[in-house]
$ cat start39.cif   # mmCIF, C-alpha atoms
data_coords
#
loop_
_atom_site.label_atom_id
_atom_site.label_comp_id
_atom_site.auth_asym_id
_atom_site.auth_seq_id
_atom_site.Cartn_x
_atom_site.Cartn_y
_atom_site.Cartn_z
CA MET A 1 -8.46 -1.31 -12.68
CA ARG A 2 -10.63 -3.81 -10.87
CA VAL A 3 -10.38 -3.48 -7.10
CA ALA A 4 -11.58 -5.74 -4.30
CA LEU A 5 -12.23 -4.72 -0.71
CA VAL A 6 -12.18 -7.61 1.73
CA GLN A 7 -14.40 -7.08 4.75
CA MET A 8 -13.29 -9.76 7.18
CA GLN A 9 -13.44 -10.19 10.94
CA SER A 10 -9.92 -10.63 12.26
CA THR A 11 -9.21 -12.62 15.41
CA GLY A 12 -6.40 -12.68 17.94
CA ASP A 13 -4.72 -15.53 16.04
CA VAL A 14 -2.16 -14.14 13.59
CA SER A 15 -1.81 -17.46 11.73
CA ALA A 16 -5.56 -17.79 11.26
CA ASN A 17 -5.77 -14.20 10.04
CA LEU A 18 -2.94 -14.80 7.57
CA ASP A 19 -4.72 -17.92 6.30
CA ALA A 20 -7.79 -15.76 5.72
CA VAL A 21 -5.72 -13.23 3.76
CA VAL A 22 -4.46 -16.03 1.52
CA ARG A 23 -7.94 -17.46 1.02
CA TYR A 24 -9.67 -14.15 0.32
CA SER A 25 -6.86 -12.97 -1.97
CA ARG A 26 -7.16 -16.06 -4.12
CA THR A 27 -10.91 -15.55 -4.36
CA ALA A 28 -10.59 -11.88 -5.28
CA ALA A 29 -7.82 -12.51 -7.83
CA GLY A 30 -10.01 -15.20 -9.36
CA GLN A 31 -12.65 -12.52 -9.92
CA GLY A 32 -10.17 -10.34 -11.78
CA ALA A 33 -9.13 -7.99 -8.99
CA GLU A 34 -5.76 -6.31 -9.52
CA LEU A 35 -5.74 -4.40 -6.21
CA ILE A 36 -6.98 -6.22 -3.08
CA VAL A 37 -7.48 -4.22 0.11
CA PHE A 38 -7.84 -5.67 3.62
CA PRO A 39 -8.82 -3.85 6.83
CA GLU A 40 -6.74 -2.16 9.48
CA ALA A 41 -5.55 -4.64 12.14
CA THR A 42 -5.94 -7.63 9.83
CA MET A 43 -2.86 -9.11 11.51
CA ARG A 44 -4.50 -9.08 14.96
CA ALA A 45 -7.86 -7.62 15.86
CA PHE A 46 -7.94 -4.83 18.39
CA THR A 47 -8.90 -5.88 21.96
CA THR A 48 -7.68 -9.47 21.38
CA GLY A 49 -4.19 -9.13 22.88
CA ARG A 50 -1.04 -7.07 23.02
CA LEU A 51 0.12 -5.70 19.69
CA ASP A 52 3.85 -5.56 20.52
CA THR A 53 3.97 -9.35 20.94
CA VAL A 54 2.96 -9.92 17.31
CA ALA A 55 4.57 -6.89 15.62
CA GLU A 56 7.04 -7.80 12.86
CA PRO A 57 9.20 -5.84 10.41
CA LEU A 58 8.27 -5.76 6.74
CA ASP A 59 10.74 -8.58 6.06
CA GLY A 60 9.18 -10.77 8.77
CA PRO A 61 7.14 -13.92 8.11
CA PHE A 62 3.70 -12.24 7.99
CA ALA A 63 4.58 -9.58 5.41
CA SER A 64 6.85 -11.95 3.48
CA THR A 65 4.03 -14.46 3.08
CA VAL A 66 1.72 -11.76 1.75
CA ARG A 67 4.47 -10.59 -0.59
CA LYS A 68 4.94 -14.07 -2.06
CA LEU A 69 1.19 -14.46 -2.42
CA ALA A 70 0.84 -11.14 -4.26
CA GLU A 71 3.67 -12.00 -6.63
CA GLU A 72 2.21 -15.45 -7.28
CA LEU A 73 -1.23 -14.02 -8.08
CA GLY A 74 0.12 -11.03 -10.03
CA VAL A 75 -1.80 -8.54 -7.87
CA THR A 76 -1.17 -5.79 -5.34
CA VAL A 77 -2.32 -6.48 -1.79
CA ILE A 78 -2.77 -3.93 0.98
CA VAL A 79 -3.19 -5.32 4.49
CA GLY A 80 -3.22 -3.86 7.99
CA MET A 81 -0.45 -5.09 10.28
CA PHE A 82 1.78 -3.93 13.13
CA THR A 83 5.50 -3.23 12.97
CA PRO A 84 7.92 -2.51 15.85
CA ALA A 85 8.40 1.14 16.80
CA ASP A 86 9.84 2.46 20.09
CA SER A 87 9.66 2.20 23.88
CA VAL A 88 8.12 4.86 26.11
CA GLU A 89 7.38 5.29 29.80
CA VAL A 90 3.67 5.48 30.66
CA ASP A 91 2.62 5.69 34.32
CA GLY A 92 5.93 4.18 35.40
CA LYS A 93 5.71 1.29 32.95
CA THR A 94 7.80 0.67 29.85
CA ILE A 95 5.55 0.29 26.82
CA ASN A 96 6.92 -1.20 23.60
CA ARG A 97 4.95 0.75 21.03
CA VAL A 98 4.20 -0.39 17.49
CA HIS A 99 3.45 1.33 14.21
CA ASN A 100 -0.07 0.79 12.90
CA THR A 101 1.01 -0.08 9.38
CA ALA A 102 -0.65 -0.58 6.01
CA LEU A 103 1.54 -2.97 4.05
CA LEU A 104 1.42 -2.57 0.27
CA THR A 105 3.04 -5.42 -1.64
CA GLY A 106 3.10 -6.84 -5.15
CA GLY A 107 4.34 -5.86 -8.57
CA GLY A 108 7.87 -5.45 -7.27
CA LYS A 109 6.76 -3.06 -4.51
CA HIS A 110 6.90 -3.80 -0.79
CA ILE A 111 6.40 -0.80 1.47
CA GLY A 112 4.48 0.28 4.56
CA TYR A 113 2.52 3.38 5.46
CA ARG A 114 2.54 4.21 9.18
CA LYS A 115 -0.71 5.69 10.48
CA ILE A 116 -0.14 9.37 11.17
CA HIS A 117 -3.14 10.21 13.36
CA CYS A 118 -3.56 7.97 16.40
CA TYR A 119 -7.04 7.22 17.70
CA ASP A 120 -6.92 9.43 20.77
CA ALA A 121 -10.66 10.05 20.91
CA PHE A 122 -13.90 8.73 22.36
CA GLY A 123 -12.04 7.71 25.51
CA PHE A 124 -9.29 5.75 23.72
CA ARG A 125 -5.54 6.47 23.74
CA GLU A 126 -4.01 4.65 20.79
CA SER A 127 -0.84 6.73 21.11
CA ASP A 128 -0.05 4.99 24.41
CA THR A 129 0.76 1.80 22.47
CA VAL A 130 1.08 3.05 18.88
CA CYS A 131 3.77 5.42 17.64
CA PRO A 132 2.42 7.80 14.97
CA GLY A 133 4.02 7.97 11.58
CA ASN A 134 5.03 11.21 9.88
CA GLU A 135 5.27 10.52 6.14
CA LEU A 136 2.73 10.51 3.33
CA VAL A 137 2.98 7.49 1.06
CA THR A 138 1.92 7.11 -2.57
CA VAL A 139 2.64 4.31 -5.04
CA LYS A 140 2.08 3.98 -8.77
CA ILE A 141 -0.05 0.94 -9.63
CA GLY A 142 -0.72 0.63 -13.33
CA ASP A 143 -1.87 4.04 -14.56
CA LEU A 144 -3.13 5.14 -11.15
CA THR A 145 -1.28 6.81 -8.27
CA VAL A 146 -2.45 5.31 -5.00
CA GLY A 147 -2.14 7.05 -1.63
CA LEU A 148 -2.44 5.39 1.75
CA ALA A 149 -4.25 6.40 4.93
CA ILE A 150 -5.61 4.44 7.92
CA CYS A 151 -8.91 4.77 9.80
CA TYR A 152 -8.75 7.83 12.11
CA ASP A 153 -6.77 9.68 9.42
CA VAL A 154 -10.14 10.16 7.70
CA ARG A 155 -11.00 12.92 10.19
CA PHE A 156 -8.12 15.06 8.87
CA PRO A 157 -9.00 16.44 5.43
CA GLU A 158 -5.62 18.10 4.98
CA GLN A 159 -3.96 14.68 4.71
CA PHE A 160 -6.23 13.66 1.84
CA VAL A 161 -5.81 16.98 0.07
CA ALA A 162 -2.02 16.74 0.43
CA LEU A 163 -1.99 13.21 -0.97
CA ALA A 164 -3.83 14.45 -4.06
CA GLU A 165 -2.44 17.96 -4.44
CA ASN A 166 1.21 17.37 -3.51
CA GLU A 167 1.72 13.65 -4.09
CA GLY A 168 -0.48 13.13 -7.17
CA ALA A 169 -2.84 10.54 -5.69
CA GLU A 170 -5.90 9.61 -7.73
CA VAL A 171 -6.94 6.80 -5.39
CA ILE A 172 -6.67 6.79 -1.59
CA VAL A 173 -6.83 3.45 0.19
CA LEU A 174 -8.25 3.55 3.72
CA PRO A 175 -8.03 0.32 5.77
CA THR A 176 -10.11 0.72 8.93
CA SER A 177 -11.39 -0.89 12.12
CA TRP A 178 -14.10 1.68 12.79
CA SER A 179 -15.85 1.88 16.13
CA ASP A 180 -19.58 1.30 16.24
CA GLY A 181 -21.84 3.33 18.50
CA PRO A 182 -24.54 5.99 18.29
CA GLY A 183 -24.10 8.01 15.11
CA LYS A 184 -20.88 6.26 14.09
CA LEU A 185 -22.21 4.72 10.87
CA GLN A 186 -23.51 8.11 9.77
CA GLN A 187 -20.13 9.68 10.59
CA TRP A 188 -18.37 6.94 8.62
CA ARG A 189 -20.44 7.63 5.54
CA VAL A 190 -20.15 11.41 5.78
CA LEU A 191 -16.38 11.41 6.41
CA THR A 192 -15.44 8.99 3.65
CA GLY A 193 -17.63 10.80 1.13
CA ALA A 194 -16.25 14.17 2.18
CA ARG A 195 -12.63 13.03 1.90
CA ALA A 196 -13.31 11.77 -1.63
CA LEU A 197 -14.73 15.18 -2.52
CA ASP A 198 -11.93 17.09 -0.76
CA SER A 199 -9.31 15.23 -2.78
CA THR A 200 -11.38 14.35 -5.86
CA CYS A 201 -9.96 10.84 -5.47
CA TYR A 202 -11.50 7.43 -5.34
CA VAL A 203 -11.54 6.30 -1.70
CA LEU A 204 -11.27 2.57 -1.08
CA ALA A 205 -12.44 2.17 2.52
CA ALA A 206 -12.00 -1.44 3.65
CA GLY A 207 -13.19 -2.13 7.18
CA GLN A 208 -13.43 -4.91 9.69
CA ALA A 209 -16.77 -6.72 9.69
CA ARG A 210 -19.04 -5.96 12.67
CA PRO A 211 -18.53 -8.53 15.46
CA GLY A 212 -21.99 -9.90 16.20
CA GLY A 213 -23.27 -8.67 12.85
CA GLU A 214 -26.33 -6.50 12.40
CA GLU A 215 -27.82 -7.68 15.71
CA SER A 216 -25.07 -5.77 17.52
CA ALA A 217 -25.30 -2.67 15.33
CA GLY A 218 -25.21 0.62 17.19
CA GLU A 219 -23.56 -0.76 20.31
CA ASN A 220 -20.42 1.03 21.47
CA ASP A 221 -17.85 -1.71 22.07
CA GLY A 222 -14.60 -0.20 20.82
CA PRO A 223 -12.70 -0.05 17.54
CA THR A 224 -13.49 -3.60 16.45
CA GLY A 225 -15.33 -2.87 13.22
CA ILE A 226 -18.63 -1.62 11.87
CA GLY A 227 -18.57 -3.18 8.40
CA HIS A 228 -19.90 -1.01 5.56
CA SER A 229 -16.71 -1.08 3.53
CA ALA A 230 -17.18 1.09 0.47
CA VAL A 231 -15.73 2.26 -2.81
CA ILE A 232 -16.45 5.99 -3.13
CA GLY A 233 -16.00 7.84 -6.38
CA PRO A 234 -14.14 11.16 -6.71
CA ASP A 235 -17.56 12.86 -6.76
CA GLY A 236 -18.20 11.62 -3.22
CA LEU A 237 -20.87 9.12 -4.24
CA ARG A 238 -20.75 5.49 -3.15
CA ILE A 239 -20.22 3.05 -6.00
CA VAL A 240 -20.67 -0.03 -3.81
CA GLU A 241 -21.03 -0.61 -0.07
CA ALA A 242 -21.03 -3.76 2.05
CA GLY A 243 -23.28 -4.53 5.01
CA TYR A 244 -22.24 -5.57 8.51
CA GLY A 245 -20.95 -9.09 7.81
CA GLU A 246 -17.92 -10.60 6.11
CA ASP A 247 -17.92 -9.93 2.38
CA ILE A 248 -15.84 -8.98 -0.66
CA ILE A 249 -16.98 -6.03 -2.74
CA TYR A 250 -15.66 -5.16 -6.19
CA ALA A 251 -15.52 -2.10 -8.41
CA ASP A 252 -13.85 -0.99 -11.63
CA ILE A 253 -12.07 2.34 -11.37
CA ASP A 254 -10.21 4.42 -13.92
CA VAL A 255 -8.10 7.54 -14.13
CA ALA A 256 -10.39 9.14 -16.74
CA THR A 257 -13.13 9.51 -14.13
CA VAL A 258 -10.71 11.33 -11.84
CA VAL A 259 -9.62 13.63 -14.66
CA GLU A 260 -13.20 14.47 -15.58
CA THR A 261 -14.22 15.05 -11.97
CA ARG A 262 -11.27 17.38 -11.39
CA ARG A 263 -12.22 19.29 -14.51
CA SER A 264 -15.75 19.72 -13.17
CA ILE A 265 -14.78 20.32 -9.51
CA PRO A 266 -11.36 22.09 -9.60
CA VAL A 267 -10.72 22.28 -5.85
CA LEU A 268 -7.07 21.21 -5.96
CA GLY A 269 -4.26 23.70 -6.48
CA VAL A 270 -6.46 26.71 -5.78
CA GLU A 271 -4.54 29.66 -4.33
CA ARG A 272 -5.86 30.44 -0.87
CA SER A 273 -6.18 33.95 0.50
CA PHE A 274 -6.44 32.98 4.18
#
$ encode --input "start39.cif" --output "structure tokens"
Amino acid sequence: MRVALVQMQSTGDVSANLDAVVRYSRTAAGQGAELIVFPEATMRAFTTGRLDTVAEPLDGPFASTVRKLAEELGVTVIVGMFTPADSVEVDGKTINRVHNTALLTGGGKHIGYRKIHCYDAFGFRESDTVCPGNELVTVKIGDLTVGLAICYDVRFPEQFVALAENEGAEVIVLPTSWSDGPGKLQQWRVLTGARALDSTCYVLAAGQARPGGEESAGENDGPTGIGHSAVIGPDGLRIVEAGYGEDIIYADIDVATVVETRRSIPVLGVERSF
């Protein structure tokens, strides 16, 4: 299967971001991609406005447009968006929380994975405005079983192992909007490689491009993107990696590589004595 990871820089304008999804999807499909992955928060970039004001259900206009596009192109598209969740009281205020959702659509499928682990770290409190999900999601695409995770989930190896060991995933898609800052690029590379090895899955890590590009690299300005989207093989090695700017990267992946890696590194299904 040929996959494409779109590293774009989302804005606060949902319509403009949707136009970019259409444009990039057509380009990637034209290069033979069957699975096209966009970043977390493609619908609206973090720090550009309230998320609850743009959140839509999976049958809303944003997701429906992507669905029609995927069906027209004969591909599967995964894109980060926000869907309505619940209302909670925070410091005497009513907050309409959203789900941080990875929409998967195309080939007769149209589902969403809700990010399980909120980004409550490095001084941020995503759970104040985002309701965590509680279900693992896998989908069969061609001869591959694809699992879904989002950004901060990558710090929880048990989720990746469960997707592979219990749900049969051979590929795990990871849309992100990773924070830059001291050591964050190194952490990004270590974590994504480790999760591929933990699960012996391909990891398709599609991130937001770095606002300001390489000139701003290393500055800590929130979860707005660091670039460096990557396709990582089940052996933990990077097959292809982008830089800081907007880009599309491609790779060809196959189930035989997963089978061979799992034969060589049989870490799944091992009985634990602790």
$ resolve_selection --input "start39.cif" --expression "the PyMOL selection byres ((chain A and resi 233) around 12)" --output "compact mmCIF listing (two decimals) with C-alpha atoms, keeping the file's coordinate frame"
# COMPACT_ATOMS: atom_id res chain seq x y z
CA GLU A 170 -5.90 9.61 -7.73
CA VAL A 171 -6.94 6.80 -5.39
CA ILE A 172 -6.67 6.79 -1.59
CA THR A 192 -15.44 8.99 3.65
CA GLY A 193 -17.63 10.80 1.13
CA ALA A 194 -16.25 14.17 2.18
CA ARG A 195 -12.63 13.03 1.90
CA ALA A 196 -13.31 11.77 -1.63
CA LEU A 197 -14.73 15.18 -2.52
CA ASP A 198 -11.93 17.09 -0.76
CA SER A 199 -9.31 15.23 -2.78
CA THR A 200 -11.38 14.35 -5.86
CA CYS A 201 -9.96 10.84 -5.47
CA TYR A 202 -11.50 7.43 -5.34
CA VAL A 203 -11.54 6.30 -1.70
CA LEU A 204 -11.27 2.57 -1.08
CA ALA A 205 -12.44 2.17 2.52
CA ALA A 230 -17.18 1.09 0.47
CA VAL A 231 -15.73 2.26 -2.81
CA ILE A 232 -16.45 5.99 -3.13
CA PRO A 234 -14.14 11.16 -6.71
CA ASP A 235 -17.56 12.86 -6.76
CA GLY A 236 -18.20 11.62 -3.22
CA LEU A 237 -20.87 9.12 -4.24
CA ARG A 238 -20.75 5.49 -3.15
CA ILE A 239 -20.22 3.05 -6.00
CA VAL A 240 -20.67 -0.03 -3.81
CA GLU A 241 -21.03 -0.61 -0.07
CA ALA A 251 -15.52 -2.10 -8.41
CA ASP A 252 -13.85 -0.99 -11.63
CA ILE A 253 -12.07 2.34 -11.37
CA ASP A 254 -10.21 4.42 -13.92
CA VAL A 255 -8.10 7.54 -14.13
CA ALA A 256 -10.39 9.14 -16.74
CA THR A 257 -13.13 9.51 -14.13
CA VAL A 258 -10.71 11.33 -11.84
CA VAL A 259 -9.62 13.63 -14.66
CA GLU A 260 -13.20 14.47 -15.58
CA THR A 261 -14.22 15.05 -11.97
CA ARG A 262 -11.27 17.38 -11.39
$ residues_near_point --input "start39.cif" --point "(-16.6, -3.2, 8.9)" --cutoff "6 Å" --atoms "all atoms listed in the file" --output "list in words"
Gly207, Gln208, Ala209, Arg210, Gly225, Ile226, Gly227, His228 and Ser229 of chain A
$ atom_distance --input "start39.cif" --atom1 "atom CA of Gly168 of chain A" --atom2 "atom CA of Glu72 of chain A"
28.7 Å
$ resolve_selection --input "start39.cif" --expression "the PyMOL selection byres ((chain A and resi 248) around 7)" --output "count of residues only"
7
$ closest_residue --input "start39.cif" --among "A:Gly112, A:Gly80, A:Gly123, A:Gly213" --to "Asn17 of chain A" --atoms "all atoms listed in the file"
A:Gly80
$ closest_residue --input "start39.cif" --among "A:Pro157, A:Gly108, A:Gly60, A:Gly243" --to "Phe82 of chain A" --atoms "all atoms listed in the file"
A:Gly60
$ resolve_selection --input "start39.cif" --expression "the PyMOL selection byres ((chain A and resi 40) around 8)" --output "mmCIF file with C-alpha atoms, in the coordinates of the input"
data_model
loop_
_atom_site.group_PDB
_atom_site.id
_atom_site.type_symbol
_atom_site.label_atom_id
_atom_site.label_comp_id
_atom_site.auth_asym_id
_atom_site.auth_seq_id
_atom_site.Cartn_x
_atom_site.Cartn_y
_atom_site.Cartn_z
ATOM 1 C CA PHE A 38 -7.840 -5.670 3.620
ATOM 2 C CA PRO A 39 -8.820 -3.850 6.830
ATOM 3 C CA ALA A 41 -5.550 -4.640 12.140
ATOM 4 C CA THR A 42 -5.940 -7.630 9.830
ATOM 5 C CA VAL A 79 -3.190 -5.320 4.490
ATOM 6 C CA GLY A 80 -3.220 -3.860 7.990
ATOM 7 C CA MET A 81 -0.450 -5.090 10.280
ATOM 8 C CA ALA A 102 -0.650 -0.580 6.010
ATOM 9 C CA ILE A 150 -5.610 4.440 7.920
ATOM 10 C CA CYS A 151 -8.910 4.770 9.800
ATOM 11 C CA PRO A 175 -8.030 0.320 5.770
ATOM 12 C CA THR A 176 -10.110 0.720 8.930
ATOM 13 C CA SER A 177 -11.390 -0.890 12.120
ATOM 14 C CA ALA A 206 -12.000 -1.440 3.650
ATOM 15 C CA GLY A 207 -13.190 -2.130 7.180
ATOM 16 C CA GLN A 208 -13.430 -4.910 9.690
#
$ closest_residue --input "start39.cif" --among "A:Arg155, A:Lys93, A:Lys115, A:His99" --to "Cys131 of chain A" --atoms "all atoms listed in the file"
A:His99
$ atom_distance --input "start39.cif" --atom1 "atom CA of Val267 of chain A" --atom2 "atom CA of Phe156 of chain A"
16.6 Å
$ axis_aligned_box --input "start39.cif" --around "segment 129-135 of chain A" --padding-each-side "3 Å" --output "JSON"
{"center_x": 3.0, "center_y": 6.5, "center_z": 14.3, "size_x": 10.5, "size_y": 15.4, "size_z": 22.3}
$ atom_distance --input "start39.cif" --atom1 "atom CA of Pro84 of chain A" --atom2 "atom CA of Asn96 of chain A"
7.9 Å
$ closest_residue --input "start39.cif" --among "A:Glu71, A:Asp52, A:Asp13, A:Asp59" --to "Glu34 of chain A" --atoms "all atoms listed in the file"
A:Glu71
$ closest_residue --input "start39.cif" --among "A:Ile78, A:Ala169, A:Ile95, A:Leu69" --to "Lys140 of chain A" --atoms "all atoms listed in the file"
A:Ala169
$ closest_residue --input "start39.cif" --among "A:Ile141, A:Val54, A:Ile265, A:Cys118" --to "Thr83 of chain A" --atoms "only C-alpha atoms"
A:Val54
$ residues_near_point --input "start39.cif" --point "(-16.7, 5.1, 11.7)" --cutoff "9 Å" --atoms "all atoms listed in the file" --output "ChimeraX atom specification"
/A:151-152,176-181,183-189,191,223,225-226
$ write_last_selection --input "start39.cif" --atoms "C-alpha atoms" --output "tab-separated table (two decimals), in the frame of the given file"
chain	number	residue	atom	x	y	z
A	151	CYS	CA	-8.91	4.77	9.80
A	152	TYR	CA	-8.75	7.83	12.11
A	176	THR	CA	-10.11	0.72	8.93
A	177	SER	CA	-11.39	-0.89	12.12
A	178	TRP	CA	-14.10	1.68	12.79
A	179	SER	CA	-15.85	1.88	16.13
A	180	ASP	CA	-19.58	1.30	16.24
A	181	GLY	CA	-21.84	3.33	18.50
A	183	GLY	CA	-24.10	8.01	15.11
A	184	LYS	CA	-20.88	6.26	14.09
A	185	LEU	CA	-22.21	4.72	10.87
A	186	GLN	CA	-23.51	8.11	9.77
A	187	GLN	CA	-20.13	9.68	10.59
A	188	TRP	CA	-18.37	6.94	8.62
A	189	ARG	CA	-20.44	7.63	5.54
A	191	LEU	CA	-16.38	11.41	6.41
A	223	PRO	CA	-12.70	-0.05	17.54
A	225	GLY	CA	-15.33	-2.87	13.22
A	226	ILE	CA	-18.63	-1.62	11.87
$ residues_around --input "start39.cif" --residues "Val139 of chain A" --least-positions-apart "3" --cutoff "12 Å" --atoms "all atoms listed in the file" --output "list in words"
Thr76, Ile78, Leu103, Leu104, Thr105, Gly106, Gly107, Gly108, Lys109, His110, Ile111, Gly112, Tyr113, Leu136, Gly142, Asp143, Leu144, Thr145, Val146, Gly147, Leu148, Leu163, Glu167, Gly168, Ala169, Glu170, Val171, Ile172 and Val173 of chain A
$ decode --input "start39.cif" --residues "segment 7-58 of chain A" --atoms "C-alpha atoms" --output "CSV table (one decimal), in the first residue's frame"
chain,number,residue,atom,x,y,z
A,7,GLN,CA,2.6,17.9,6.7
A,8,MET,CA,0.6,21.1,6.5
A,9,GLN,CA,0.3,24.2,8.7
A,10,SER,CA,-3.3,24.6,9.6
A,11,THR,CA,-4.8,28.1,10.4
A,12,GLY,CA,-7.8,29.3,12.4
A,13,ASP,CA,-9.9,29.3,9.2
A,14,VAL,CA,-11.8,26.0,8.9
A,15,SER,CA,-12.8,26.6,5.3
A,16,ALA,CA,-9.2,27.4,4.3
A,17,ASN,CA,-8.0,24.3,6.0
A,18,LEU,CA,-10.6,22.2,4.3
A,19,ASP,CA,-9.6,23.6,1.0
A,20,ALA,CA,-6.0,22.5,1.8
A,21,VAL,CA,-7.2,19.0,2.6
A,22,VAL,CA,-8.9,18.8,-0.8
A,23,ARG,CA,-5.9,20.2,-2.6
A,24,TYR,CA,-3.3,18.0,-0.9
A,25,SER,CA,-5.5,14.9,-1.2
A,26,ARG,CA,-5.8,15.3,-4.9
A,27,THR,CA,-2.0,15.7,-5.2
A,28,ALA,CA,-1.3,12.6,-3.1
A,29,ALA,CA,-3.9,10.5,-4.9
A,30,GLY,CA,-2.3,11.6,-8.2
A,31,GLN,CA,1.0,10.1,-6.9
A,32,GLY,CA,-0.7,6.8,-6.2
A,33,ALA,CA,-1.4,7.1,-2.5
A,34,GLU,CA,-4.2,4.9,-1.2
A,35,LEU,CA,-4.0,6.1,2.4
A,36,ILE,CA,-3.6,9.8,3.0
A,37,VAL,CA,-2.9,11.0,6.5
A,38,PHE,CA,-3.3,14.6,7.8
A,39,PRO,CA,-2.2,16.1,11.1
A,40,GLU,CA,-4.0,16.5,14.4
A,41,ALA,CA,-6.0,19.7,14.5
A,42,THR,CA,-6.2,20.0,10.7
A,43,MET,CA,-9.7,21.4,11.1
A,44,ARG,CA,-8.4,24.4,13.2
A,45,ALA,CA,-4.9,24.9,14.5
A,46,PHE,CA,-4.4,25.0,18.2
A,47,THR,CA,-4.1,28.6,19.7
A,48,THR,CA,-6.1,30.1,16.9
A,49,GLY,CA,-9.5,30.2,18.5
A,50,ARG,CA,-12.0,28.2,20.5
A,51,LEU,CA,-12.5,24.6,19.5
A,52,ASP,CA,-16.1,24.3,20.6
A,53,THR,CA,-17.2,26.9,18.1
A,54,VAL,CA,-16.1,24.9,15.1
A,55,ALA,CA,-16.7,21.3,16.4
A,56,GLU,CA,-19.0,19.3,14.2
A,57,PRO,CA,-20.4,15.7,14.3
A,58,LEU,CA,-19.1,13.2,11.8
